[in-house]
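Asker: Pasting upload_1.cif here (mmCIF, C-alpha atoms):
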data_query
loop_
_atom_site.label_atom_id
_atom_site.label_comp_id
_atom_site.auth_asym_id
_atom_site.auth_seq_id
_atom_site.Cartn_x
_atom_site.Cartn_y
_atom_site.Cartn_z
CA MET A 1 48.37 52.89 -43.72
CA ASP A 2 47.28 53.36 -47.33
CA SER A 3 48.24 49.81 -48.15
CA ILE A 4 45.33 48.41 -46.13
CA SER A 5 42.02 49.30 -47.73
CA GLU A 6 38.61 49.39 -46.12
CA SER A 7 37.72 46.22 -47.99
CA THR A 8 40.08 44.23 -45.78
CA ILE A 9 38.11 45.21 -42.66
CA ASP A 10 35.82 42.43 -41.49
CA GLN A 11 32.42 44.04 -40.86
CA SER A 12 30.47 40.81 -41.12
CA ARG A 13 29.39 40.78 -37.48
CA LEU A 14 27.89 44.26 -37.67
CA GLN A 15 26.42 43.54 -41.11
CA ARG A 16 24.35 40.74 -39.59
CA TYR A 17 22.38 43.30 -37.60
CA LEU A 18 19.33 44.73 -39.27
CA GLY A 19 19.71 47.88 -37.17
CA TYR A 20 23.25 48.40 -38.45
CA ARG A 21 22.24 47.84 -42.08
CA LEU A 22 19.37 50.27 -41.68
CA THR A 23 21.67 52.89 -40.17
CA ARG A 24 24.24 52.54 -42.93
CA THR A 25 21.60 52.91 -45.65
CA GLU A 26 20.04 55.84 -43.83
CA ILE A 27 23.43 57.59 -43.56
CA HIS A 28 23.97 57.10 -47.28
CA ILE A 29 20.53 58.37 -48.36
CA HIS A 30 20.72 61.22 -45.86
CA LYS A 31 23.98 62.38 -47.48
CA LEU A 32 22.36 62.40 -50.93
CA PHE A 33 19.36 64.30 -49.54
CA ALA A 34 21.62 66.78 -47.70
CA GLN A 35 23.57 67.46 -50.92
CA ARG A 36 20.39 68.26 -52.79
CA VAL A 37 18.89 70.64 -50.22
CA ALA A 38 22.28 72.25 -49.54
CA GLY A 39 21.87 73.85 -52.97
CA PHE A 40 19.16 75.95 -51.31
CA ASP A 41 21.29 76.59 -48.21
CA LEU A 42 19.01 74.26 -46.24
CA LYS A 43 19.86 71.43 -43.89
CA PRO A 44 17.64 68.34 -44.05
CA SER A 45 15.90 69.30 -40.79
CA GLU A 46 15.24 72.81 -42.13
CA PHE A 47 13.73 71.37 -45.30
CA SER A 48 11.40 69.19 -43.21
CA ILE A 49 10.37 72.20 -41.12
CA LEU A 50 9.47 74.22 -44.24
CA VAL A 51 7.41 71.33 -45.65
CA LEU A 52 5.56 70.84 -42.35
CA LEU A 53 4.85 74.58 -42.04
CA ASP A 54 3.51 74.62 -45.59
CA SER A 55 1.13 71.75 -44.75
CA ASN A 56 0.34 73.00 -41.23
CA PRO A 57 0.23 76.80 -41.11
CA GLY A 58 0.11 78.08 -37.53
CA ILE A 59 1.73 74.95 -36.03
CA TYR A 60 3.22 75.38 -32.55
CA LEU A 61 6.92 74.88 -31.93
CA ARG A 62 6.22 71.93 -29.67
CA GLN A 63 4.10 70.19 -32.29
CA LEU A 64 6.82 70.71 -34.84
CA GLY A 65 9.37 69.18 -32.47
CA GLU A 66 7.12 66.21 -31.76
CA ALA A 67 6.49 65.61 -35.44
CA LEU A 68 10.22 65.68 -36.23
CA ASP A 69 11.45 64.04 -33.01
CA ILE A 70 13.60 67.10 -32.21
CA SER A 71 13.72 68.44 -28.65
CA PRO A 72 12.56 72.06 -28.11
CA SER A 73 16.06 73.09 -26.99
CA ASN A 74 17.51 71.81 -30.28
CA LEU A 75 14.64 73.16 -32.36
CA VAL A 76 14.58 76.76 -31.08
CA PRO A 77 17.91 77.83 -32.65
CA VAL A 78 16.98 76.15 -35.97
CA VAL A 79 13.67 78.03 -36.08
CA GLU A 80 15.45 81.24 -35.08
CA ARG A 81 17.83 80.91 -38.04
CA LEU A 82 14.90 80.44 -40.44
CA VAL A 83 13.17 83.49 -38.94
CA GLN A 84 16.37 85.53 -39.37
CA ARG A 85 16.55 84.45 -43.02
CA GLY A 86 13.00 85.69 -43.53
CA LEU A 87 11.70 82.22 -44.43
CA ILE A 88 9.31 81.76 -41.50
CA GLN A 89 7.58 84.06 -39.06
CA ARG A 90 6.20 83.72 -35.54
CA GLN A 91 2.78 85.11 -34.63
CA PRO A 92 1.08 85.17 -31.23
CA ASP A 93 -1.76 82.65 -30.98
CA PRO A 94 -4.99 84.73 -30.89
CA ARG A 95 -6.43 82.22 -28.36
CA ASP A 96 -3.43 82.45 -26.01
CA ARG A 97 -0.96 85.20 -26.77
CA ARG A 98 1.75 83.52 -24.70
CA LEU A 99 1.97 80.87 -27.44
CA GLN A 100 3.53 81.46 -30.83
CA GLN A 101 2.35 80.00 -34.08
CA LEU A 102 4.72 79.43 -36.97
CA HIS A 103 4.01 80.34 -40.58
CA LEU A 104 5.98 80.35 -43.85
CA THR A 105 6.66 83.76 -45.37
CA PRO A 106 6.12 84.12 -49.13
CA GLU A 107 9.92 83.81 -49.51
CA GLY A 108 9.87 80.66 -47.38
CA ARG A 109 7.08 79.17 -49.46
CA ALA A 110 8.97 79.89 -52.69
CA LEU A 111 12.22 78.34 -51.41
CA GLN A 112 10.34 75.34 -50.06
CA GLY A 113 8.75 74.76 -53.46
CA LEU A 114 12.11 74.84 -55.25
CA ALA A 115 13.76 72.55 -52.69
CA GLU A 116 10.86 70.10 -52.75
CA GLY A 117 11.21 69.85 -56.53
CA GLU A 118 14.85 68.86 -56.12
CA VAL A 119 13.99 66.31 -53.41
CA ALA A 120 11.30 64.86 -55.67
CA ARG A 121 13.98 64.33 -58.34
CA LEU A 122 16.16 62.44 -55.85
CA GLU A 123 13.15 60.33 -54.87
CA ASP A 124 12.60 59.48 -58.53
CA GLU A 125 16.21 58.35 -58.80
CA LEU A 126 15.86 56.18 -55.70
CA GLU A 127 12.61 54.69 -56.95
CA GLN A 128 14.30 53.65 -60.16
CA LEU A 129 16.60 51.43 -58.09
CA LEU A 130 13.62 49.44 -56.81
CA SER A 131 10.74 47.73 -58.55
CA PRO A 132 7.29 48.98 -57.48
CA ALA A 133 6.84 45.75 -55.50
CA GLU A 134 10.24 46.18 -53.82
CA ARG A 135 9.35 49.74 -52.86
CA ALA A 136 5.98 48.65 -51.46
CA HIS A 137 7.56 45.82 -49.47
CA LEU A 138 10.24 48.12 -48.13
CA LEU A 139 7.69 50.63 -46.83
CA VAL A 140 5.66 47.85 -45.17
CA ALA A 141 8.79 46.47 -43.50
CA LEU A 142 9.85 49.94 -42.29
CA ASP A 143 6.40 50.50 -40.80
CA LYS A 144 6.43 47.12 -39.05
CA LEU A 145 9.84 47.83 -37.54
CA THR A 146 8.61 51.17 -36.25
CA ALA A 147 5.90 49.34 -34.31
CA VAL A 148 8.21 48.21 -31.47
CA PRO A 149 7.63 50.60 -28.58
CA PRO A 150 10.79 52.07 -27.00
CA GLY A 151 11.65 51.07 -23.47
CA GLN A 152 10.44 47.49 -23.81
CA MET B 153 -1.21 73.67 -26.54
CA ASP B 154 -2.01 70.28 -25.05
CA SER B 155 -5.35 70.26 -26.82
CA ILE B 156 -3.72 69.77 -30.23
CA SER B 157 -2.05 66.38 -30.43
CA GLU B 158 0.65 65.24 -32.81
CA SER B 159 -1.94 63.21 -34.68
CA THR B 160 -3.53 66.39 -36.00
CA ILE B 161 -0.27 67.39 -37.73
CA ASP B 162 -0.36 66.64 -41.44
CA GLN B 163 2.90 64.82 -42.24
CA SER B 164 1.63 63.25 -45.45
CA ARG B 165 3.98 65.18 -47.72
CA LEU B 166 7.07 64.09 -45.81
CA GLN B 167 5.70 60.55 -45.45
CA ARG B 168 5.67 60.22 -49.24
CA TYR B 169 9.44 60.39 -49.27
CA LEU B 170 11.28 57.11 -48.97
CA GLY B 171 14.23 58.97 -47.46
CA TYR B 172 12.03 60.44 -44.73
CA ARG B 173 10.43 57.07 -43.93
CA LEU B 174 13.84 55.46 -43.76
CA THR B 175 15.11 58.17 -41.42
CA ARG B 176 12.12 57.89 -39.10
CA THR B 177 12.47 54.11 -38.85
CA GLU B 178 16.21 54.42 -38.32
CA ILE B 179 15.69 56.95 -35.51
CA HIS B 180 13.22 54.58 -33.86
CA ILE B 181 15.43 51.47 -34.10
CA HIS B 182 18.48 53.48 -33.09
CA LYS B 183 16.70 54.53 -29.88
CA LEU B 184 15.91 50.91 -29.04
CA PHE B 185 19.50 49.91 -29.76
CA ALA B 186 20.85 52.85 -27.72
CA GLN B 187 18.68 51.83 -24.75
CA ARG B 188 20.05 48.29 -24.83
CA VAL B 189 23.73 49.21 -25.03
CA ALA B 190 23.31 52.05 -22.51
CA GLY B 191 22.93 49.27 -19.93
CA PHE B 192 26.66 48.69 -20.49
CA ASP B 193 27.44 52.43 -20.44
CA LEU B 194 28.07 52.27 -24.19
CA LYS B 195 26.85 54.52 -26.95
CA PRO B 196 25.88 52.82 -30.23
CA SER B 197 29.08 54.03 -31.93
CA GLU B 198 31.17 52.67 -29.04
CA PHE B 199 29.46 49.30 -29.33
CA SER B 200 30.27 49.20 -33.06
CA ILE B 201 33.90 50.08 -32.34
CA LEU B 202 34.24 47.22 -29.83
CA VAL B 203 32.69 44.74 -32.29
CA LEU B 204 35.00 45.88 -35.10
CA LEU B 205 38.07 45.69 -32.84
CA ASP B 206 37.09 42.19 -31.78
CA SER B 207 36.85 41.11 -35.45
CA ASN B 208 39.85 43.18 -36.59
CA PRO B 209 42.54 43.26 -33.90
CA GLY B 210 45.24 45.81 -34.71
CA ILE B 211 42.99 47.95 -36.93
CA TYR B 212 44.15 51.54 -37.53
CA LEU B 213 42.10 54.50 -36.37
CA ARG B 214 41.61 55.62 -39.96
CA GLN B 215 40.30 52.23 -41.03
CA LEU B 216 37.90 52.23 -38.10
CA GLY B 217 36.63 55.67 -39.10
CA GLU B 218 36.20 54.61 -42.74
CA ALA B 219 34.32 51.48 -41.74
CA LEU B 220 31.95 53.44 -39.50
CA ASP B 221 31.76 56.61 -41.62
CA ILE B 222 33.07 58.70 -38.70
CA SER B 223 35.66 61.42 -39.34
CA PRO B 224 39.00 61.08 -37.50
CA SER B 225 38.33 64.30 -35.57
CA ASN B 226 35.07 62.86 -34.24
CA LEU B 227 36.53 59.40 -33.67
CA VAL B 228 39.63 60.38 -31.68
CA PRO B 229 37.77 61.51 -28.52
CA VAL B 230 35.52 58.43 -28.63
CA VAL B 231 38.54 56.11 -28.82
CA GLU B 232 40.24 58.12 -26.07
CA ARG B 233 37.27 57.58 -23.76
CA LEU B 234 37.36 53.82 -24.40
CA VAL B 235 41.11 53.78 -23.72
CA GLN B 236 40.53 55.69 -20.45
CA ARG B 237 37.92 53.13 -19.44
CA GLY B 238 40.44 50.36 -20.00
CA LEU B 239 38.36 48.76 -22.77
CA ILE B 240 40.77 49.25 -25.64
CA GLN B 241 44.50 49.90 -25.96
CA ARG B 242 46.73 51.52 -28.54
CA GLN B 243 49.99 49.87 -29.61
CA PRO B 244 52.62 51.20 -32.01
CA ASP B 245 52.57 49.39 -35.35
CA PRO B 246 55.80 47.30 -35.44
CA ARG B 247 56.13 48.11 -39.19
CA ASP B 248 55.83 51.86 -38.67
CA ARG B 249 55.99 53.06 -35.10
CA ARG B 250 54.37 56.40 -35.99
CA LEU B 251 51.10 54.51 -36.53
CA GLN B 252 48.99 53.11 -33.73
CA GLN B 253 47.04 49.91 -33.84
CA LEU B 254 43.93 49.41 -31.73
CA HIS B 255 43.15 46.29 -29.71
CA LEU B 256 40.49 45.24 -27.20
CA THR B 257 41.69 44.66 -23.66
CA PRO B 258 40.38 41.54 -21.86
CA GLU B 259 37.89 43.86 -20.07
CA GLY B 260 36.83 45.32 -23.41
CA ARG B 261 36.34 41.87 -24.87
CA ALA B 262 34.19 40.82 -21.90
CA LEU B 263 32.01 43.93 -22.05
CA GLN B 264 31.68 43.59 -25.81
CA GLY B 265 30.45 40.01 -25.40
CA LEU B 266 27.80 41.00 -22.87
CA ALA B 267 26.61 43.95 -24.96
CA GLU B 268 26.51 41.88 -28.13
CA GLY B 269 24.28 39.35 -26.37
CA GLU B 270 21.83 42.12 -25.52
CA VAL B 271 21.90 43.46 -29.08
CA ALA B 272 21.28 39.96 -30.41
CA ARG B 273 18.15 39.80 -28.22
CA LEU B 274 16.89 43.08 -29.71
CA GLU B 275 17.59 41.73 -33.20
CA ASP B 276 15.53 38.64 -32.37
CA GLU B 277 12.65 40.89 -31.31
CA LEU B 278 12.89 42.89 -34.53
CA GLU B 279 13.06 39.74 -36.64
CA GLN B 280 9.84 38.50 -35.06
CA LEU B 281 8.10 41.55 -36.54
CA LEU B 282 9.01 40.44 -40.07
CA SER B 283 8.58 37.17 -41.92
CA PRO B 284 11.83 35.62 -43.19
CA ALA B 285 10.85 36.73 -46.71
CA GLU B 286 10.11 40.27 -45.53
CA ARG B 287 13.47 40.43 -43.80
CA ALA B 288 15.27 39.15 -46.91
CA HIS B 289 13.45 41.66 -49.16
CA LEU B 290 14.21 44.49 -46.77
CA LEU B 291 17.94 43.75 -46.79
CA VAL B 292 17.99 43.55 -50.61
CA ALA B 293 16.16 46.89 -50.88
CA LEU B 294 18.53 48.54 -48.38
CA ASP B 295 21.53 47.30 -50.36
CA LYS B 296 20.08 48.55 -53.64
CA LEU B 297 19.43 51.98 -52.16
CA THR B 298 23.01 52.14 -50.94
CA ALA B 299 24.20 51.70 -54.53
CA VAL B 300 23.55 55.35 -55.54
CA PRO B 301 26.91 57.11 -55.42
CA PRO B 302 26.95 60.44 -53.54
CA GLY B 303 27.52 63.59 -55.52
CA GLN B 304 25.60 62.46 -58.59
#
Could you show the structure in this file as structure tokens?
Answerer:
Amino acid sequence: MDSISESTIDQSRLQRYLGYRLTRTEIHIHKLFAQRVAGFDLKPSEFSILVLLDSNPGIYLRQLGEALDISPSNLVPVVERLVQRGLIQRQPDPRDRRLQQLHLTPEGRALQGLAEGEVARLEDELEQLLSPAERAHLLVALDKLTAVPPGQ
Amino acid sequence: MDSISESTIDQSRLQRYLGYRLTRTEIHIHKLFAQRVAGFDLKPSEFSILVLLDSNPGIYLRQLGEALDISPSNLVPVVERLVQRGLIQRQPDPRDRRLQQLHLTPEGRALQGLAEGEVARLEDELEQLLSPAERAHLLVALDKLTAVPPGQ
């Protein structure tokens, strides 16, 4: 089995597909990102939650899920873990006490700041791989591709 | 809760990150792709397996996992399901009967052809969103980003 390396596998048909290429690059970058935030005992989704809470204090769980494209049933245990770690807290909405608003704790804000610094360093490394024009074109192309509505 | 829409959520800090933008676009395109192959009762990973088996008859499970970045423990049940559906078959390697080689069945090849036609239509739709130059630049940028080794 060892005598046949991955390089002998013909992936040319999948490589033709933009969607496949995008997925492979995303998997690769996601691994790099996950390694960096793992140093703070955070998963990528947890990092994103902390950043969104820092920018949007008092956000509702549902809004957080919509922003991150995570279903409430998947999001609830993630939020619960961050609450247990003392990084975020839930407070009843003063306008409707059945609803809970999410906030960073001081500890959560501190960890978020450290993790965001590390992510910014990774971003710098990625940016060095592309010229400013390449980066700008890439972002335009990504935005255009995101314009296709699902369910067409 | 309904009165506050997703558009009021400040995502600007995450949007700055290339990795985040890439992930969001990938999630979007992956959904479109998943919808198309679901019409053939295939998940995206199953579609990729059928295409790779069509191009690489007799491939080993480990090679398939390496090509798709799926661990053997995650890949085994997926392959098993495709075997149960009569789409692929396992044959002992004549050079080492402890190893199993994977092949498409005639039914698997037929389904793969139909699904690949549908995926090609989605690709055409995506390509219409980009100029040929934009598409070429996008693929170059994706390849450059994939050049960072993990664990740096």
Asker: Can you work out which one of B:Ile161, B:Gln280, B:Gly269, B:Gly238 has the shortest atom-to-atom distance to Leu61 in chain A, counting all atoms listed in the file?
Answerer: B:Ile161
Asker: Find the residues near Pro57 in chain A: any atom within 9 Å, counting only C-alpha atoms, skip ones fewer than 2 places away on the same chain, and give them as a PyMOL selection string.
Answerer: chain A and resi 52-55+59+101-104
Asker: List as a list in words the protein and nucleic acid residues near Gln243 in chain B, meaning an atom at most 9 Å away when all atoms listed in the file are counted, but skip any in the same chain fewer than 2 places from it.
Answerer: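 Selected residues are Gly210, Gln241, Asp245, Pro246, Arg249, Leu251, Gln252, Gln253, Leu254 and His255 of chain B.
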Asker: As a PDB file with C-alpha atoms, in the coordinates of the input, please: chain B after a least-squares superposition onto chain A using all C-alpha atoms matched in order.
Answerer:
ATOM      1  CA  MET B 153      48.391  52.947 -43.810  1.00  0.00           C
ATOM      2  CA  ASP B 154      47.252  53.444 -47.388  1.00  0.00           C
ATOM      3  CA  SER B 155      48.191  49.876 -48.211  1.00  0.00           C
ATOM      4  CA  ILE B 156      45.297  48.474 -46.165  1.00  0.00           C
ATOM      5  CA  SER B 157      41.983  49.409 -47.735  1.00  0.00           C
ATOM      6  CA  GLU B 158      38.570  49.480 -46.125  1.00  0.00           C
ATOM      7  CA  SER B 159      37.684  46.317 -48.005  1.00  0.00           C
ATOM      8  CA  THR B 160      40.066  44.318 -45.834  1.00  0.00           C
ATOM      9  CA  ILE B 161      38.120  45.279 -42.686  1.00  0.00           C
ATOM     10  CA  ASP B 162      35.840  42.485 -41.534  1.00  0.00           C
ATOM     11  CA  GLN B 163      32.433  44.084 -40.890  1.00  0.00           C
ATOM     12  CA  SER B 164      30.484  40.842 -41.155  1.00  0.00           C
ATOM     13  CA  ARG B 165      29.402  40.804 -37.518  1.00  0.00           C
ATOM     14  CA  LEU B 166      27.913  44.287 -37.697  1.00  0.00           C
ATOM     15  CA  GLN B 167      26.429  43.565 -41.135  1.00  0.00           C
ATOM     16  CA  ARG B 168      24.363  40.760 -39.608  1.00  0.00           C
ATOM     17  CA  TYR B 169      22.409  43.302 -37.617  1.00  0.00           C
ATOM     18  CA  LEU B 170      19.322  44.721 -39.259  1.00  0.00           C
ATOM     19  CA  GLY B 171      19.720  47.862 -37.157  1.00  0.00           C
ATOM     20  CA  TYR B 172      23.257  48.393 -38.445  1.00  0.00           C
ATOM     21  CA  ARG B 173      22.230  47.840 -42.077  1.00  0.00           C
ATOM     22  CA  LEU B 174      19.360  50.256 -41.662  1.00  0.00           C
ATOM     23  CA  THR B 175      21.658  52.878 -40.153  1.00  0.00           C
ATOM     24  CA  ARG B 176      24.235  52.544 -42.919  1.00  0.00           C
ATOM     25  CA  THR B 177      21.596  52.906 -45.635  1.00  0.00           C
ATOM     26  CA  GLU B 178      20.028  55.841 -43.820  1.00  0.00           C
ATOM     27  CA  ILE B 179      23.410  57.589 -43.543  1.00  0.00           C
ATOM     28  CA  HIS B 180      23.954  57.084 -47.270  1.00  0.00           C
ATOM     29  CA  ILE B 181      20.517  58.361 -48.351  1.00  0.00           C
ATOM     30  CA  HIS B 182      20.717  61.205 -45.855  1.00  0.00           C
ATOM     31  CA  LYS B 183      23.975  62.367 -47.470  1.00  0.00           C
ATOM     32  CA  LEU B 184      22.356  62.390 -50.907  1.00  0.00           C
ATOM     33  CA  PHE B 185      19.366  64.286 -49.538  1.00  0.00           C
ATOM     34  CA  ALA B 186      21.630  66.745 -47.679  1.00  0.00           C
ATOM     35  CA  GLN B 187      23.575  67.434 -50.890  1.00  0.00           C
ATOM     36  CA  ARG B 188      20.382  68.251 -52.775  1.00  0.00           C
ATOM     37  CA  VAL B 189      18.904  70.618 -50.199  1.00  0.00           C
ATOM     38  CA  ALA B 190      22.300  72.226 -49.509  1.00  0.00           C
ATOM     39  CA  GLY B 191      21.881  73.817 -52.947  1.00  0.00           C
ATOM     40  CA  PHE B 192      19.179  75.932 -51.277  1.00  0.00           C
ATOM     41  CA  ASP B 193      21.322  76.556 -48.175  1.00  0.00           C
ATOM     42  CA  LEU B 194      19.031  74.231 -46.219  1.00  0.00           C
ATOM     43  CA  LYS B 195      19.872  71.413 -43.870  1.00  0.00           C
ATOM     44  CA  PRO B 196      17.637  68.321 -44.049  1.00  0.00           C
ATOM     45  CA  SER B 197      15.882  69.267 -40.791  1.00  0.00           C
ATOM     46  CA  GLU B 198      15.235  72.786 -42.121  1.00  0.00           C
ATOM     47  CA  PHE B 199      13.733  71.359 -45.295  1.00  0.00           C
ATOM     48  CA  SER B 200      11.394  69.171 -43.215  1.00  0.00           C
ATOM     49  CA  ILE B 201      10.367  72.179 -41.126  1.00  0.00           C
ATOM     50  CA  LEU B 202       9.468  74.207 -44.236  1.00  0.00           C
ATOM     51  CA  VAL B 203       7.420  71.311 -45.658  1.00  0.00           C
ATOM     52  CA  LEU B 204       5.558  70.836 -42.365  1.00  0.00           C
ATOM     53  CA  LEU B 205       4.864  74.577 -42.060  1.00  0.00           C
ATOM     54  CA  ASP B 206       3.538  74.634 -45.606  1.00  0.00           C
ATOM     55  CA  SER B 207       1.134  71.762 -44.788  1.00  0.00           C
ATOM     56  CA  ASN B 208       0.348  72.997 -41.261  1.00  0.00           C
ATOM     57  CA  PRO B 209       0.255  76.799 -41.147  1.00  0.00           C
ATOM     58  CA  GLY B 210       0.120  78.079 -37.570  1.00  0.00           C
ATOM     59  CA  ILE B 211       1.714  74.955 -36.062  1.00  0.00           C
ATOM     60  CA  TYR B 212       3.228  75.359 -32.578  1.00  0.00           C
ATOM     61  CA  LEU B 213       6.927  74.863 -31.961  1.00  0.00           C
ATOM     62  CA  ARG B 214       6.196  71.914 -29.692  1.00  0.00           C
ATOM     63  CA  GLN B 215       4.080  70.186 -32.317  1.00  0.00           C
ATOM     64  CA  LEU B 216       6.825  70.705 -34.874  1.00  0.00           C
ATOM     65  CA  GLY B 217       9.366  69.162 -32.506  1.00  0.00           C
ATOM     66  CA  GLU B 218       7.094  66.183 -31.782  1.00  0.00           C
ATOM     67  CA  ALA B 219       6.481  65.591 -35.470  1.00  0.00           C
ATOM     68  CA  LEU B 220      10.204  65.654 -36.252  1.00  0.00           C
ATOM     69  CA  ASP B 221      11.424  64.019 -33.024  1.00  0.00           C
ATOM     70  CA  ILE B 222      13.563  67.084 -32.222  1.00  0.00           C
ATOM     71  CA  SER B 223      13.687  68.417 -28.655  1.00  0.00           C
ATOM     72  CA  PRO B 224      12.538  72.030 -28.129  1.00  0.00           C
ATOM     73  CA  SER B 225      16.039  73.041 -27.006  1.00  0.00           C
ATOM     74  CA  ASN B 226      17.489  71.780 -30.289  1.00  0.00           C
ATOM     75  CA  LEU B 227      14.620  73.136 -32.376  1.00  0.00           C
ATOM     76  CA  VAL B 228      14.572  76.717 -31.071  1.00  0.00           C
ATOM     77  CA  PRO B 229      17.904  77.789 -32.644  1.00  0.00           C
ATOM     78  CA  VAL B 230      16.982  76.132 -35.955  1.00  0.00           C
ATOM     79  CA  VAL B 231      13.665  78.008 -36.082  1.00  0.00           C
ATOM     80  CA  GLU B 232      15.454  81.212 -35.068  1.00  0.00           C
ATOM     81  CA  ARG B 233      17.838  80.880 -38.010  1.00  0.00           C
ATOM     82  CA  LEU B 234      14.918  80.413 -40.420  1.00  0.00           C
ATOM     83  CA  VAL B 235      13.181  83.459 -38.928  1.00  0.00           C
ATOM     84  CA  GLN B 236      16.399  85.494 -39.351  1.00  0.00           C
ATOM     85  CA  ARG B 237      16.576  84.421 -42.985  1.00  0.00           C
ATOM     86  CA  GLY B 238      13.044  85.679 -43.514  1.00  0.00           C
ATOM     87  CA  LEU B 239      11.732  82.209 -44.405  1.00  0.00           C
ATOM     88  CA  ILE B 240       9.344  81.749 -41.512  1.00  0.00           C
ATOM     89  CA  GLN B 241       7.596  84.059 -39.053  1.00  0.00           C
ATOM     90  CA  ARG B 242       6.217  83.706 -35.556  1.00  0.00           C
ATOM     91  CA  GLN B 243       2.793  85.111 -34.660  1.00  0.00           C
ATOM     92  CA  PRO B 244       1.087  85.158 -31.264  1.00  0.00           C
ATOM     93  CA  ASP B 245      -1.754  82.645 -31.044  1.00  0.00           C
ATOM     94  CA  PRO B 246      -4.980  84.741 -30.947  1.00  0.00           C
ATOM     95  CA  ARG B 247      -6.448  82.227 -28.427  1.00  0.00           C
ATOM     96  CA  ASP B 248      -3.479  82.463 -26.070  1.00  0.00           C
ATOM     97  CA  ARG B 249      -1.000  85.209 -26.791  1.00  0.00           C
ATOM     98  CA  ARG B 250       1.718  83.508 -24.720  1.00  0.00           C
ATOM     99  CA  LEU B 251       1.950  80.861 -27.458  1.00  0.00           C
ATOM    100  CA  GLN B 252       3.521  81.459 -30.838  1.00  0.00           C
ATOM    101  CA  GLN B 253       2.354  80.004 -34.090  1.00  0.00           C
ATOM    102  CA  LEU B 254       4.744  79.431 -36.977  1.00  0.00           C
ATOM    103  CA  HIS B 255       4.038  80.334 -40.597  1.00  0.00           C
ATOM    104  CA  LEU B 256       6.005  80.352 -43.855  1.00  0.00           C
ATOM    105  CA  THR B 257       6.692  83.755 -45.356  1.00  0.00           C
ATOM    106  CA  PRO B 258       6.167  84.137 -49.133  1.00  0.00           C
ATOM    107  CA  GLU B 259       9.980  83.794 -49.498  1.00  0.00           C
ATOM    108  CA  GLY B 260       9.912  80.647 -47.377  1.00  0.00           C
ATOM    109  CA  ARG B 261       7.117  79.189 -49.460  1.00  0.00           C
ATOM    110  CA  ALA B 262       9.032  79.891 -52.683  1.00  0.00           C
ATOM    111  CA  LEU B 263      12.261  78.348 -51.404  1.00  0.00           C
ATOM    112  CA  GLN B 264      10.366  75.360 -50.046  1.00  0.00           C
ATOM    113  CA  GLY B 265       8.803  74.769 -53.467  1.00  0.00           C
ATOM    114  CA  LEU B 266      12.161  74.840 -55.234  1.00  0.00           C
ATOM    115  CA  ALA B 267      13.791  72.545 -52.672  1.00  0.00           C
ATOM    116  CA  GLU B 268      10.884  70.119 -52.747  1.00  0.00           C
ATOM    117  CA  GLY B 269      11.242  69.855 -56.525  1.00  0.00           C
ATOM    118  CA  GLU B 270      14.877  68.858 -56.098  1.00  0.00           C
ATOM    119  CA  VAL B 271      14.005  66.314 -53.407  1.00  0.00           C
ATOM    120  CA  ALA B 272      11.310  64.863 -55.651  1.00  0.00           C
ATOM    121  CA  ARG B 273      13.982  64.340 -58.336  1.00  0.00           C
ATOM    122  CA  LEU B 274      16.168  62.442 -55.850  1.00  0.00           C
ATOM    123  CA  GLU B 275      13.157  60.337 -54.853  1.00  0.00           C
ATOM    124  CA  ASP B 276      12.586  59.498 -58.521  1.00  0.00           C
ATOM    125  CA  GLU B 277      16.205  58.354 -58.785  1.00  0.00           C
ATOM    126  CA  LEU B 278      15.856  56.186 -55.686  1.00  0.00           C
ATOM    127  CA  GLU B 279      12.586  54.705 -56.919  1.00  0.00           C
ATOM    128  CA  GLN B 280      14.273  53.657 -60.153  1.00  0.00           C
ATOM    129  CA  LEU B 281      16.570  51.436 -58.075  1.00  0.00           C
ATOM    130  CA  LEU B 282      13.588  49.448 -56.781  1.00  0.00           C
ATOM    131  CA  SER B 283      10.691  47.747 -58.519  1.00  0.00           C
ATOM    132  CA  PRO B 284       7.243  49.000 -57.461  1.00  0.00           C
ATOM    133  CA  ALA B 285       6.806  45.769 -55.472  1.00  0.00           C
ATOM    134  CA  GLU B 286      10.195  46.187 -53.796  1.00  0.00           C
ATOM    135  CA  ARG B 287       9.321  49.741 -52.842  1.00  0.00           C
ATOM    136  CA  ALA B 288       5.944  48.663 -51.433  1.00  0.00           C
ATOM    137  CA  HIS B 289       7.540  45.815 -49.429  1.00  0.00           C
ATOM    138  CA  LEU B 290      10.222  48.129 -48.105  1.00  0.00           C
ATOM    139  CA  LEU B 291       7.676  50.637 -46.806  1.00  0.00           C
ATOM    140  CA  VAL B 292       5.640  47.865 -45.131  1.00  0.00           C
ATOM    141  CA  ALA B 293       8.776  46.476 -43.454  1.00  0.00           C
ATOM    142  CA  LEU B 294       9.832  49.946 -42.257  1.00  0.00           C
ATOM    143  CA  ASP B 295       6.383  50.512 -40.761  1.00  0.00           C
ATOM    144  CA  LYS B 296       6.415  47.140 -39.013  1.00  0.00           C
ATOM    145  CA  LEU B 297       9.827  47.838 -37.515  1.00  0.00           C
ATOM    146  CA  THR B 298       8.583  51.168 -36.213  1.00  0.00           C
ATOM    147  CA  ALA B 299       5.875  49.336 -34.262  1.00  0.00           C
ATOM    148  CA  VAL B 300       8.216  48.210 -31.430  1.00  0.00           C
ATOM    149  CA  PRO B 301       7.640  50.609 -28.546  1.00  0.00           C
ATOM    150  CA  PRO B 302      10.805  52.067 -26.970  1.00  0.00           C
ATOM    151  CA  GLY B 303      11.665  51.051 -23.450  1.00  0.00           C
ATOM    152  CA  GLN B 304      10.438  47.476 -23.777  1.00  0.00           C
TER     153      GLN B 304
END
Asker: Rounded to one decimal place, report the CA of Lys144 in chain A-CA of Glu178 in chain B distance in Å.
Answerer: 12.2 Å
